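Novice: Pasting in a structure now, in structure tokens, and then I'll have a few things to ask.
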Amino acid sequence: MPDQPDNLDDIKKIPKLCAALLEYMKRIHCEENFFFYFDKGDVESLYKKYIDPQAKLWVNLPANLAARAEAMVGDFKDRGWPKLIKECKAVVKGMVEPGTLMGFYDSKEYEKYARKEKMGDPRKAARLLGIKNVKLLEEAMLAVAMGEDREADKLLKQLAREEHIKEEVAAVRKGLADAGFM
């Protein structure tokens with residue numbers, strides 16, 4: 001398995017891992033925390049998107065922070081806003097680390113990310129095999145990596161039909177494996 005950073009800032013440095021975390025957080029219905037933590041917008045837009053109780057991506061903050069925000073609404077030039085936003089983001093970070101991250105590293109989203117990172121580059125495999133449909137090849141390679149043999153065989157058969165490959169699916173799989181792509 002690839003490294004498992006224990007904080008959001010390190011995860012952000014690995015775009016594919018960050019995307020997998022977002023996918024996981026969407027599935028468990030807490031993506032608002034992800035978006036708020038990483039949003040670099042101005043205080044007014046951050047308030048309207050995440051802190052306002054009517055916000056679509058409302059973040060559940062402690063009552064004392066929410067009350068301080070409500071007291072300053074209307075004056076987004078107030079010097080207290082940057083400090084409050086920083087405190088709110090620290091609270092959100094504390095909610096995500098380590099709890100949500102522990103769940104993420106045990107999730108299907110992380111497993112898919114990790115297996116995909118271990119498999120070879122589908123673009124290189126496509127060039128090697130003379131395949132034009134890289135997306136379908138990538139889906140087949142990922143199915144193999146995830147241990148979904150039936151799905152992999154189905155996708156490889158479809159690929160063989162589309163690309164007019166005469167070899168049997170088993171031969172294509174073996175060729176990819178021998179070349180280090182699966």
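By convention in this document, the chains of the structure tokens carry letters A, B, ... by their order, each chain's residues are numbered from 1, and ligands are numbered from 1 in the order they are shown.
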Show me, as a short mmCIF file (atom, residue, chain, number, x, y, z; two decimals) with C-alpha atoms, in the first residue's frame, the residues that have an atom within 10 Å of A:Met25 when counting only C-alpha atoms, minus same-chain residues fewer than 3 positions from it.
Specialist:
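around-v5.cif written:
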```cif
data_model
loop_
_atom_site.label_atom_id
_atom_site.label_comp_id
_atom_site.auth_asym_id
_atom_site.auth_seq_id
_atom_site.Cartn_x
_atom_site.Cartn_y
_atom_site.Cartn_z
CA ALA A 19 -9.54 12.90 -5.13
CA ALA A 20 -10.06 9.48 -3.51
CA LEU A 21 -10.57 11.15 -0.11
CA LEU A 22 -13.15 13.51 -1.60
CA ILE A 28 -20.26 9.31 3.83
CA HIS A 29 -21.95 12.72 3.38
CA CYS A 30 -19.34 15.02 4.88
CA GLU A 31 -17.80 16.58 1.77
CA GLU A 32 -18.63 20.04 3.10
CA ASN A 33 -15.74 19.64 5.57
CA PHE A 34 -13.34 18.87 2.72
CA VAL A 96 -11.48 14.92 9.89
CA THR A 100 -12.50 10.34 8.95
CA LEU A 101 -9.00 9.53 7.70
CA GLY A 103 -12.27 5.29 7.90
CA PHE A 104 -10.89 6.44 4.56
CA GLU A 109 -12.10 4.39 -2.27
#
```
Novice: Pick out the residues sitting within 10 Å of A:Ala69, and hand them over as a list in words; count only C-alpha atoms, and ignore anything fewer than 2 positions along from it in its own chain.
Specialist: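 The filter keeps Tyr47, Ile51, Asp52, Ala63, Asn64, Leu65, Ala66, Ala67, Ala71, Met72, Val73, Gly74, Phe76, Gly80, Trp81, Leu84, Ile85 and Cys88 of chain A.
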Novice: Once you count only C-alpha atoms, what closest atom pair and distance in Å to one decimal does each residue of stretch 80-127 of chain A within 12 Å of stretch 137-145 of chain A have, with rows by chain and rising residue number, as CSV?
Specialist:
```
residue,atom,partner,partner_atom,distance
A:Glu111,CA,A:Ala145,CA,9.9
A:Lys112,CA,A:Leu142,CA,8.0
A:Tyr113,CA,A:Leu142,CA,9.8
A:Ala114,CA,A:Ala145,CA,9.6
A:Arg115,CA,A:Ala145,CA,5.8
A:Lys116,CA,A:Leu142,CA,6.3
A:Glu117,CA,A:Ala145,CA,9.8
A:Lys118,CA,A:Ala145,CA,8.3
A:Met119,CA,A:Ala145,CA,6.8
A:Gly120,CA,A:Met141,CA,8.4
A:Asp121,CA,A:Glu138,CA,8.3
A:Pro122,CA,A:Glu138,CA,5.3
A:Arg123,CA,A:Glu138,CA,8.1
A:Lys124,CA,A:Glu138,CA,10.6
A:Ala125,CA,A:Leu137,CA,8.3
A:Ala126,CA,A:Leu137,CA,7.2
A:Arg127,CA,A:Leu137,CA,11.0
```
Novice: Hey, can you spit out that residue selection with N, CA and C atoms as a compact mmCIF listing (two decimals), in the first residue's frame?
Specialist:
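Ended up saving to selection.txt:
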```
# COMPACT_ATOMS: atom_id res chain seq x y z
N GLU A 111 -8.75 1.72 -1.25
CA GLU A 111 -8.27 0.48 -1.86
C GLU A 111 -8.14 0.65 -3.37
N LYS A 112 -9.15 1.27 -3.97
CA LYS A 112 -9.11 1.50 -5.42
C LYS A 112 -7.93 2.40 -5.78
N TYR A 113 -7.73 3.47 -5.02
CA TYR A 113 -6.59 4.36 -5.25
C TYR A 113 -5.28 3.59 -5.15
N ALA A 114 -5.12 2.82 -4.08
CA ALA A 114 -3.86 2.11 -3.83
C ALA A 114 -3.59 1.08 -4.93
N ARG A 115 -4.60 0.35 -5.32
CA ARG A 115 -4.41 -0.66 -6.37
C ARG A 115 -4.13 0.00 -7.71
N LYS A 116 -4.77 1.11 -7.95
CA LYS A 116 -4.55 1.82 -9.21
C LYS A 116 -3.12 2.36 -9.26
N GLU A 117 -2.61 2.79 -8.11
CA GLU A 117 -1.24 3.29 -8.06
C GLU A 117 -0.23 2.17 -8.33
N LYS A 118 -0.57 0.95 -7.94
CA LYS A 118 0.34 -0.19 -8.14
C LYS A 118 0.31 -0.72 -9.56
N MET A 119 -0.81 -0.55 -10.26
CA MET A 119 -0.88 -1.09 -11.61
C MET A 119 -0.10 -0.20 -12.57
N GLY A 120 0.24 -0.73 -13.70
CA GLY A 120 1.00 0.02 -14.69
C GLY A 120 0.17 1.11 -15.35
N ASP A 121 0.83 1.89 -16.14
CA ASP A 121 0.21 3.01 -16.84
C ASP A 121 -0.58 2.48 -18.04
N PRO A 122 -1.90 2.66 -18.05
CA PRO A 122 -2.71 2.15 -19.16
C PRO A 122 -2.35 2.78 -20.51
N ARG A 123 -1.86 4.01 -20.50
CA ARG A 123 -1.48 4.65 -21.77
C ARG A 123 -0.28 3.92 -22.38
N LYS A 124 0.68 3.56 -21.54
CA LYS A 124 1.85 2.82 -22.04
C LYS A 124 1.43 1.44 -22.52
N ALA A 125 0.56 0.79 -21.76
CA ALA A 125 0.08 -0.54 -22.16
C ALA A 125 -0.66 -0.45 -23.49
N ALA A 126 -1.46 0.59 -23.66
CA ALA A 126 -2.20 0.77 -24.91
C ALA A 126 -1.25 0.96 -26.08
N ARG A 127 -0.21 1.76 -25.87
CA ARG A 127 0.78 1.95 -26.94
C ARG A 127 1.47 0.63 -27.27
```
Novice: Determine which residues of stretch 4-172 of chain A receive a DSSP assignment of helix (DSSP H, G or I), computed from the backbone, and state them as an NGL selection string.
Specialist: :A and (8-12 or 15-27 or 31-38 or 43-51 or 63-72 or 80-105 or 108-118 or 122-129 or 134-145 or 149-163 or 169-172)
Novice: Quick one, how far is atom CA of A:Glu23 from atom CA of A:Phe36?
Specialist: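 One can read the atom CA of A:Glu23 to atom CA of A:Phe36 distance as 15.3 Å.
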Novice: Which one is closest to A:Arg173: A:Lys16, A:Leu129, A:Arg161, A:Lys48? Count only C-alpha atoms.
Specialist: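 Closest to A:Arg173 of all the choices is A:Leu129.
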Novice: Atom CA of A:Tyr24 to atom CA of A:Tyr110: how many Å, to one decimal?
Specialist: 8.0 Å
Novice: Can you tell me which residues surround A:Glu163 at a distance of at most 8 Å, considering only C-alpha atoms, apart from same-chain residues fewer than 2 positions away, and format the answer as a list in words?
Specialist: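 Once the adjacent positions are removed, what remains is Ile131, Lys132, Asn133, Leu159, Ala160, Arg161 and Ile165 of chain A.
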Novice: In Å, with one decimal, what is the gap from atom CA of A:Val43 to atom CA of A:Asn60?
Specialist: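 Pair atom CA of A:Val43 / atom CA of A:Asn60 returns 17.1 Å.
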Novice: Of the residues A:Glu168, A:Gly180, A:Lys13, A:Leu156, which is the one nearest to A:Lys135, using only C-alpha atoms?
Specialist: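 Looking only at the distances to A:Lys135, the closest residue turns out to be A:Leu156.
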